[in-house]
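S.K.: Sharing a structure here in structure tokens format.
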Amino acid sequence: MDRRELVFMDSTSNKFWRIELNGDSHTVTFGRAGTDGQSKTKTFADADAAKKDYDKLISAKLKKGYVDADSASAATGEDADALPVLAFRSILKEDDVGHNAKTFIGKRIADYDPNKKPTAGGKTVYRFRSDWDSQDCVPNLKHFLETDAAREAVGIVIGNWTGDDTGTDPSEVIELLCQNSKRLAALKAIYLGDIISEECEMSWIQQSDIGPLLKAFPNLELLRTRGGENLKIGHLKHDNLRGLICESGGLRAEVVRQIGRSKFPALEHLELWLGTDEYGGDSSVEDLQPILSGDLFPQLKYLGLRNCDFVDDIAAVIVNSPLIQRIETLDLSLGVLTDEGGRALLSLPTDGTLQHVNLHFNYMTNDVIKELKKLPLKMDLSKPSHMDQDDEWRFVAVGE
Amino acid sequence: MQSDAEKRSRIDRECWVIGDPESRRVQDFQRSAIGLGMRVPNCLDWNDLIASEGRCLEQIPPLARVRIDSFGQRCETIASLIELGGGDVFPKRGQVLSLDHQYQGIVRAMEMVECWRCRRLESKHDVIIDQVPGDLAVMFDKWATHQLMLPYRPKTVLLPTEIDAAGQAIQSFADCCGGRVFVKPRYASSASGVCCYRTQRGRQQLIAAIEIDRCGDDIRLFNSLRVRSFTNPADIDAILRVLIPQGMIAEAAVSKARLDGERFDLRIVVIDGKADHLVVRQSPWPITNLHLGNRRGDLELLYDSVGIDRVNDCRQLAIHAAAQFPRTRYSGVDILLPRVNPPLVCEVNAFGDFLPNLTASGKTVYASILQIDAGAFV
């Protein structure tokens, strides 16, 4: 009997999908991680037809970003508490930029409510945020830090800290977290800036120096930030950091250079949203050289250079970089990838460790996409529906 | 208890829908009637209503029950409404244009139906209409509806139709509403042209389900199924320049309550004073209409997180709102639930009853509408 179990995680879900082939039928079981899920059995004319459909379904799932449950990126290693690197994924699709995160490190997120007793055991990740007519972020965080649940918290999500004043930076939140680092003894992951356009445009978010967090939490494994304005990584050494994600509309070259000088020997997932000049993203391929040289982060499995308007230049350089020989996933999605960059990617190594290539949201024509599909790599070449044909997205004025 | 004769009269009464015969609305309504063992409702096409200036209504027999439904999305219907309303500029499919003339056309069409009904009343060939045509005309005018709904409405002003004056009015209104306002076409629905506008630290943001189509100096707006955020002042200016002359209101934004981390509001269908059918419209955007890819929220979760009392307040307010149109038997009321304060009315939708698969006590909206006792309400 053939059997394959796949898993999927991003900031909206954590789910599994399992298929078992049994003669002329196969059974698919799927659902949220940690549940039994639901099963569907399908019977075919003969065993060959069942096998063909089995292979087809698996290939479709892999294209969507599912990975084998026992693969390196999904594995937790010997320590069952360790976070799989798959759990560091931020968002996959362009549409998700507009949504607040629903999961973080594979766990469900809930807005913290000081009137409800927080869940024990670190199962829920709490989000702390202000609304445009309230200033709850810091008071709620203070409240949470006094509870027993704080000692068990594995992840923390800081949402809109600014209320309606987009000029405020998160330094007060950072200070509060640092002061309580002893209480937050189990903390492994921080998301600083789960803020969507409706709350504050990404390019308006005022960030600040995240160095104090790296210093105060030596066991931190993942630090995810959103917003490029005034972002600084003031502390460039961390022995246990496995994931660093900087989402932005424009990441300053200086931040990219700081990362190029950093010592994060455990880093497995590095994701930089480089953005555009218009929003302060003034980096270039030269600034990425220390990262691409391959020696800087010996453990790196995932490299994301996303939301980038010079991604064609990156594509041209990355195919010959030492780093590409060592990573499993290359993510150049959400940027301005055209045929020029797409053709360069035809030279990606296919006989090494590289398995997944994410090129979701691209401006390539069908000819180049067809060529890329021939590579023996799992590629996401999808485009959001609004990029294909705008006409189909129009609706009519009056209906109700 | 109903007598058998009464029951039979309900089932036997011929039913007519003024609508778009090709639309899912009309087809679903007809299927619902068949499912209930009733006669298939006939459809009188809005196109015929307009073209015959109401004369085609004469084919409806005495004692029939008449329901007025949406004219649908057909370009030719919209063009003929605009023409009927005195306009001569016609939109392409999905374009936001001539909303004011389209509205005047709706008013004229409703007058045709009302005149016919009055004639029938005098001639003893009476018919029963589910909705008062004049009420529907009011519901399609957001400013008129606003005034009827006071004091249960967010603070709202009518904007001038002259661009510079309206621009200033929006700014000063935003200043006194904490920087966030909705700017909405006075005569439209389905989120068409609805903009969430915000100024902060000299920056502007406009969130709308709109696509800008530039052709030289010519700027056209299209309704889009995708909500997006505009921050470029030139785009924002372009959008408002096209919308303002068509008539707009500005409404103070309400900080809506959240469910599962997302904001929501409620669509409540009120039928004969009962607010059984309720949909939670949940969205990461300030515009929650379900056709924009937003989702129906979980009712159980709603009760859990805001409490049954608050939900009941919303139902009561929806009933109150619908009761401002006492002889119109059903409408779709949108209720805003602020994080802390009592609920408010967002809109009353004349054709807000198209909610496929939504049931209350096992009944769909259309089944409930079909089963109201048509005779009892005259």
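Just remember, in the structure tokens the first chain shown is A, the second B, etc., residues are 1-based per chain, and ligands are 1-based in the order shown.
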Could you tell me which residues of chain B sit within 8 Å of chain A when counting only C-alpha atoms, and give me the result as number ranges by chain?

M.R.: B: 70-73, 93-96, 188-193, 200-201, 207, 222-226, 229, 255, 260-262, 284-286, 349-352

S.K.: Would you return as a PyMOL selection string the members of range 107-181 of chain B that DSSP assigns to strand (DSSP E) on this structure's backbone?

M.R.: chain B and resi 128-129+156-158+180-181

S.K.: If you measure from CA of Pro265 in chain A to CA of Leu236 in chain A, what distance in Å do you get, rounded to one decimal?

M.R.: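 That distance, rounded to one decimal, is 10.9 Å.
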
S.K.: Can you work out the spacing between CA of Asp309 in chain A and CA of Ala344 in chain A in Å, to one decimal?

M.R.: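 Pair CA of Asp309 in chain A / CA of Ala344 in chain A returns 15.9 Å.
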
S.K.: Mind the document's chain letters and residue numbers, and return as a PyMOL selection string the residues of range 209-354 of chain A that DSSP labels alpha helix (DSSP H).

M.R.: chain A and resi 211-216+253-260+285-292+311-318+339-345

S.K.: Just want the 12 Å neighbourhood of Ser361 in chain B, counted on only C-alpha atoms, with same-chain residues fewer than 3 positions away dropped. Output as a list of chain:residue names.

M.R.: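 Contacts, in chain order: B:Ala275, B:Asp276, B:His277, B:Leu278, B:Leu358, B:Thr364, B:Val365, B:Ala367, B:Ser368.
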
S.K.: Write out as number ranges by chain which residues come within 8 Å of Ser305 in chain B when counting only C-alpha atoms, dropping same-chain ones fewer than 3 positions away.

M.R.: B: 259, 301-302

S.K.: Would you save the residues of that selection, restricted to N, CA, C and O atoms, as a tab-separated table (two decimals), in the first residue's frame?

M.R.:
```
chain	number	residue	atom	x	y	z
B	259	LEU	N	-14.76	39.70	15.37
B	259	LEU	CA	-15.09	38.30	15.61
B	259	LEU	C	-13.90	37.52	15.08
B	259	LEU	O	-13.52	37.70	13.93
B	301	LEU	N	-20.29	31.61	17.21
B	301	LEU	CA	-19.16	32.41	17.66
B	301	LEU	C	-19.63	33.84	17.99
B	301	LEU	O	-19.17	34.46	18.94
B	302	LEU	N	-20.57	34.33	17.18
B	302	LEU	CA	-21.12	35.66	17.42
B	302	LEU	C	-21.79	35.72	18.79
B	302	LEU	O	-21.54	36.64	19.57
```

S.K.: For a quick check of understanding, using only C-alpha atoms, which of A:Gln179, A:Ser347, A:Thr329, A:Gln38 has the smallest distance to Ala315 in chain A?

M.R.: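 Ranked by minimum distance to Ala315 in chain A, first place goes to A:Ser347.
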
S.K.: Got a sec: who's within 7 Å of range 97-109 of chain B, counting only C-alpha atoms, leaving out chain neighbours fewer than 6 positions off, as a ChimeraX atom specification?

M.R.: /B:50,78,81-82,84-87,89-91,137,187-188,246-247

S.K.: If you keep N, CA, C and O atoms, can you produce a file of those selected residues as an mmCIF file, in the first residue's frame?

M.R.:
```cif
data_model
loop_
_atom_site.group_PDB
_atom_site.id
_atom_site.type_symbol
_atom_site.label_atom_id
_atom_site.label_comp_id
_atom_site.auth_asym_id
_atom_site.auth_seq_id
_atom_site.Cartn_x
_atom_site.Cartn_y
_atom_site.Cartn_z
ATOM 1 N N ILE B 50 -40.210 49.018 -18.268
ATOM 2 C CA ILE B 50 -39.749 50.338 -18.680
ATOM 3 C C ILE B 50 -40.197 50.631 -20.114
ATOM 4 O O ILE B 50 -40.751 51.693 -20.406
ATOM 5 N N ILE B 78 -29.916 48.895 -17.269
ATOM 6 C CA ILE B 78 -29.347 50.054 -16.595
ATOM 7 C C ILE B 78 -29.411 51.279 -17.513
ATOM 8 O O ILE B 78 -29.792 52.366 -17.094
ATOM 9 N N LEU B 81 -32.931 52.554 -17.582
ATOM 10 C CA LEU B 81 -33.265 53.282 -16.350
ATOM 11 C C LEU B 81 -32.680 54.689 -16.397
ATOM 12 O O LEU B 81 -33.342 55.673 -16.031
ATOM 13 N N ILE B 82 -31.427 54.793 -16.852
ATOM 14 C CA ILE B 82 -30.772 56.102 -16.920
ATOM 15 C C ILE B 82 -31.524 57.012 -17.890
ATOM 16 O O ILE B 82 -31.783 58.184 -17.608
ATOM 17 N N LEU B 84 -34.661 56.763 -18.756
ATOM 18 C CA LEU B 84 -35.946 57.079 -18.122
ATOM 19 C C LEU B 84 -35.771 58.192 -17.094
ATOM 20 O O LEU B 84 -36.650 59.014 -16.881
ATOM 21 N N GLY B 85 -34.583 58.222 -16.468
ATOM 22 C CA GLY B 85 -34.303 59.235 -15.459
ATOM 23 C C GLY B 85 -33.720 60.512 -16.050
ATOM 24 O O GLY B 85 -33.222 61.360 -15.298
ATOM 25 N N GLY B 86 -33.746 60.636 -17.371
ATOM 26 C CA GLY B 86 -33.319 61.891 -18.000
ATOM 27 C C GLY B 86 -31.836 61.952 -18.296
ATOM 28 O O GLY B 86 -31.310 63.005 -18.651
ATOM 29 N N GLY B 87 -31.117 60.840 -18.175
ATOM 30 C CA GLY B 87 -29.681 60.857 -18.453
ATOM 31 C C GLY B 87 -29.381 60.436 -19.878
ATOM 32 O O GLY B 87 -30.203 59.809 -20.534
ATOM 33 N N VAL B 89 -25.800 59.562 -20.548
ATOM 34 C CA VAL B 89 -24.459 58.968 -20.515
ATOM 35 C C VAL B 89 -24.587 57.585 -19.886
ATOM 36 O O VAL B 89 -25.063 57.455 -18.753
ATOM 37 N N PHE B 90 -24.156 56.576 -20.646
ATOM 38 C CA PHE B 90 -24.430 55.206 -20.207
ATOM 39 C C PHE B 90 -23.148 54.461 -19.850
ATOM 40 O O PHE B 90 -22.159 54.554 -20.568
ATOM 41 N N PRO B 91 -23.172 53.731 -18.751
ATOM 42 C CA PRO B 91 -21.949 53.029 -18.319
ATOM 43 C C PRO B 91 -21.683 51.758 -19.112
ATOM 44 O O PRO B 91 -22.604 51.126 -19.616
ATOM 45 N N ALA B 137 -38.048 53.343 -3.488
ATOM 46 C CA ALA B 137 -37.368 54.541 -3.974
ATOM 47 C C ALA B 137 -36.634 55.234 -2.825
ATOM 48 O O ALA B 137 -35.513 55.720 -2.993
ATOM 49 N N TYR B 187 -26.882 57.352 -4.238
ATOM 50 C CA TYR B 187 -27.816 56.439 -4.910
ATOM 51 C C TYR B 187 -27.097 55.220 -5.458
ATOM 52 O O TYR B 187 -26.783 55.160 -6.635
ATOM 53 N N ALA B 188 -26.763 54.281 -4.644
ATOM 54 C CA ALA B 188 -26.173 53.048 -5.166
ATOM 55 C C ALA B 188 -26.304 51.986 -4.100
ATOM 56 O O ALA B 188 -26.801 52.254 -3.013
ATOM 57 N N GLN B 246 -22.068 62.700 -8.973
ATOM 58 C CA GLN B 246 -23.209 61.766 -9.009
ATOM 59 C C GLN B 246 -24.004 61.781 -7.707
ATOM 60 O O GLN B 246 -24.997 61.079 -7.573
ATOM 61 N N GLY B 247 -23.538 62.598 -6.725
ATOM 62 C CA GLY B 247 -24.247 62.695 -5.457
ATOM 63 C C GLY B 247 -23.646 61.776 -4.411
ATOM 64 O O GLY B 247 -23.522 60.577 -4.636
#
```

S.K.: Could you tell me which of A:Leu177, A:Leu372, A:Leu381, A:Ile91 comes closest to Ser11 in chain A if we count only C-alpha atoms?

M.R.: A:Ile91

S.K.: Got a sec: who's within 12 Å of Cys56 in chain B, counting only C-alpha atoms, leaving out chain neighbours fewer than 6 positions off, as a ChimeraX atom specification?

M.R.: /B:18,43-50,112-113,116

S.K.: Please list as a PyMOL selection string every residue within 9 Å of Pro342 in chain B, counting only C-alpha atoms and excluding residues in the same chain fewer than 6 positions away.

M.R.: chain B and resi 152+310+313-314+336

S.K.: Once you have the residues from the selection above, write them out as an mmCIF file, in the first residue's frame, restricted to all heavy atoms.

M.R.:
```
data_model
loop_
_atom_site.group_PDB
_atom_site.id
_atom_site.type_symbol
_atom_site.label_atom_id
_atom_site.label_comp_id
_atom_site.auth_asym_id
_atom_site.auth_seq_id
_atom_site.Cartn_x
_atom_site.Cartn_y
_atom_site.Cartn_z
ATOM 1 N N TYR B 152 -30.784 56.446 15.117
ATOM 2 C CA TYR B 152 -29.969 55.216 15.155
ATOM 3 C C TYR B 152 -29.027 55.124 13.954
ATOM 4 O O TYR B 152 -28.955 54.102 13.280
ATOM 5 C CB TYR B 152 -30.877 53.985 15.207
ATOM 6 C CG TYR B 152 -31.846 54.033 16.354
ATOM 7 C CD1 TYR B 152 -33.196 54.297 16.143
ATOM 8 C CD2 TYR B 152 -31.402 53.852 17.674
ATOM 9 C CE1 TYR B 152 -34.087 54.369 17.200
ATOM 10 C CE2 TYR B 152 -32.286 53.921 18.731
ATOM 11 C CZ TYR B 152 -33.627 54.182 18.493
ATOM 12 O OH TYR B 152 -34.503 54.257 19.541
ATOM 13 N N ARG B 310 -26.695 41.514 23.131
ATOM 14 C CA ARG B 310 -26.271 42.467 22.102
ATOM 15 C C ARG B 310 -26.818 42.055 20.734
ATOM 16 O O ARG B 310 -27.222 42.900 19.934
ATOM 17 C CB ARG B 310 -24.731 42.525 22.038
ATOM 18 C CG ARG B 310 -24.095 43.108 23.294
ATOM 19 C CD ARG B 310 -23.776 44.575 23.174
ATOM 20 N NE ARG B 310 -22.553 44.844 22.424
ATOM 21 C CZ ARG B 310 -22.285 46.038 21.909
ATOM 22 N NH1 ARG B 310 -23.141 47.025 22.047
ATOM 23 N NH2 ARG B 310 -21.159 46.243 21.259
ATOM 24 N N ASP B 313 -30.366 43.022 20.614
ATOM 25 C CA ASP B 313 -30.488 44.462 20.368
ATOM 26 C C ASP B 313 -30.412 44.753 18.866
ATOM 27 O O ASP B 313 -31.134 45.601 18.348
ATOM 28 C CB ASP B 313 -29.348 45.229 21.076
ATOM 29 C CG ASP B 313 -29.521 45.234 22.592
ATOM 30 O OD1 ASP B 313 -30.614 44.855 23.065
ATOM 31 O OD2 ASP B 313 -28.561 45.626 23.294
ATOM 32 N N CYS B 314 -29.517 44.040 18.215
ATOM 33 C CA CYS B 314 -29.360 44.234 16.770
ATOM 34 C C CYS B 314 -30.629 43.817 16.029
ATOM 35 O O CYS B 314 -31.092 44.503 15.121
ATOM 36 C CB CYS B 314 -28.168 43.440 16.234
ATOM 37 S SG CYS B 314 -26.587 44.025 16.860
ATOM 38 N N LEU B 336 -24.690 47.920 12.137
ATOM 39 C CA LEU B 336 -23.312 48.084 12.614
ATOM 40 C C LEU B 336 -23.296 47.873 14.113
ATOM 41 O O LEU B 336 -24.094 48.463 14.829
ATOM 42 C CB LEU B 336 -22.841 49.520 12.360
ATOM 43 C CG LEU B 336 -22.784 50.017 10.926
ATOM 44 C CD1 LEU B 336 -22.559 51.521 10.926
ATOM 45 C CD2 LEU B 336 -21.668 49.308 10.203
#
```

S.K.: Enter the distance from CA of Arg183 in chain A to CA of Leu145 in chain A, in Å, rounded to one decimal.

M.R.: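 Taking CA of Arg183 in chain A as the start and CA of Leu145 in chain A as the end point, the length is 7.4 Å.
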
S.K.: I need the residue nearest Asn312 in chain B from this list: B:Arg258, B:Arg339, B:Arg203, B:Lys274. Use only C-alpha atoms for the distance.

M.R.: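 Result for the nearest residue to Asn312 in chain B: B:Lys274.
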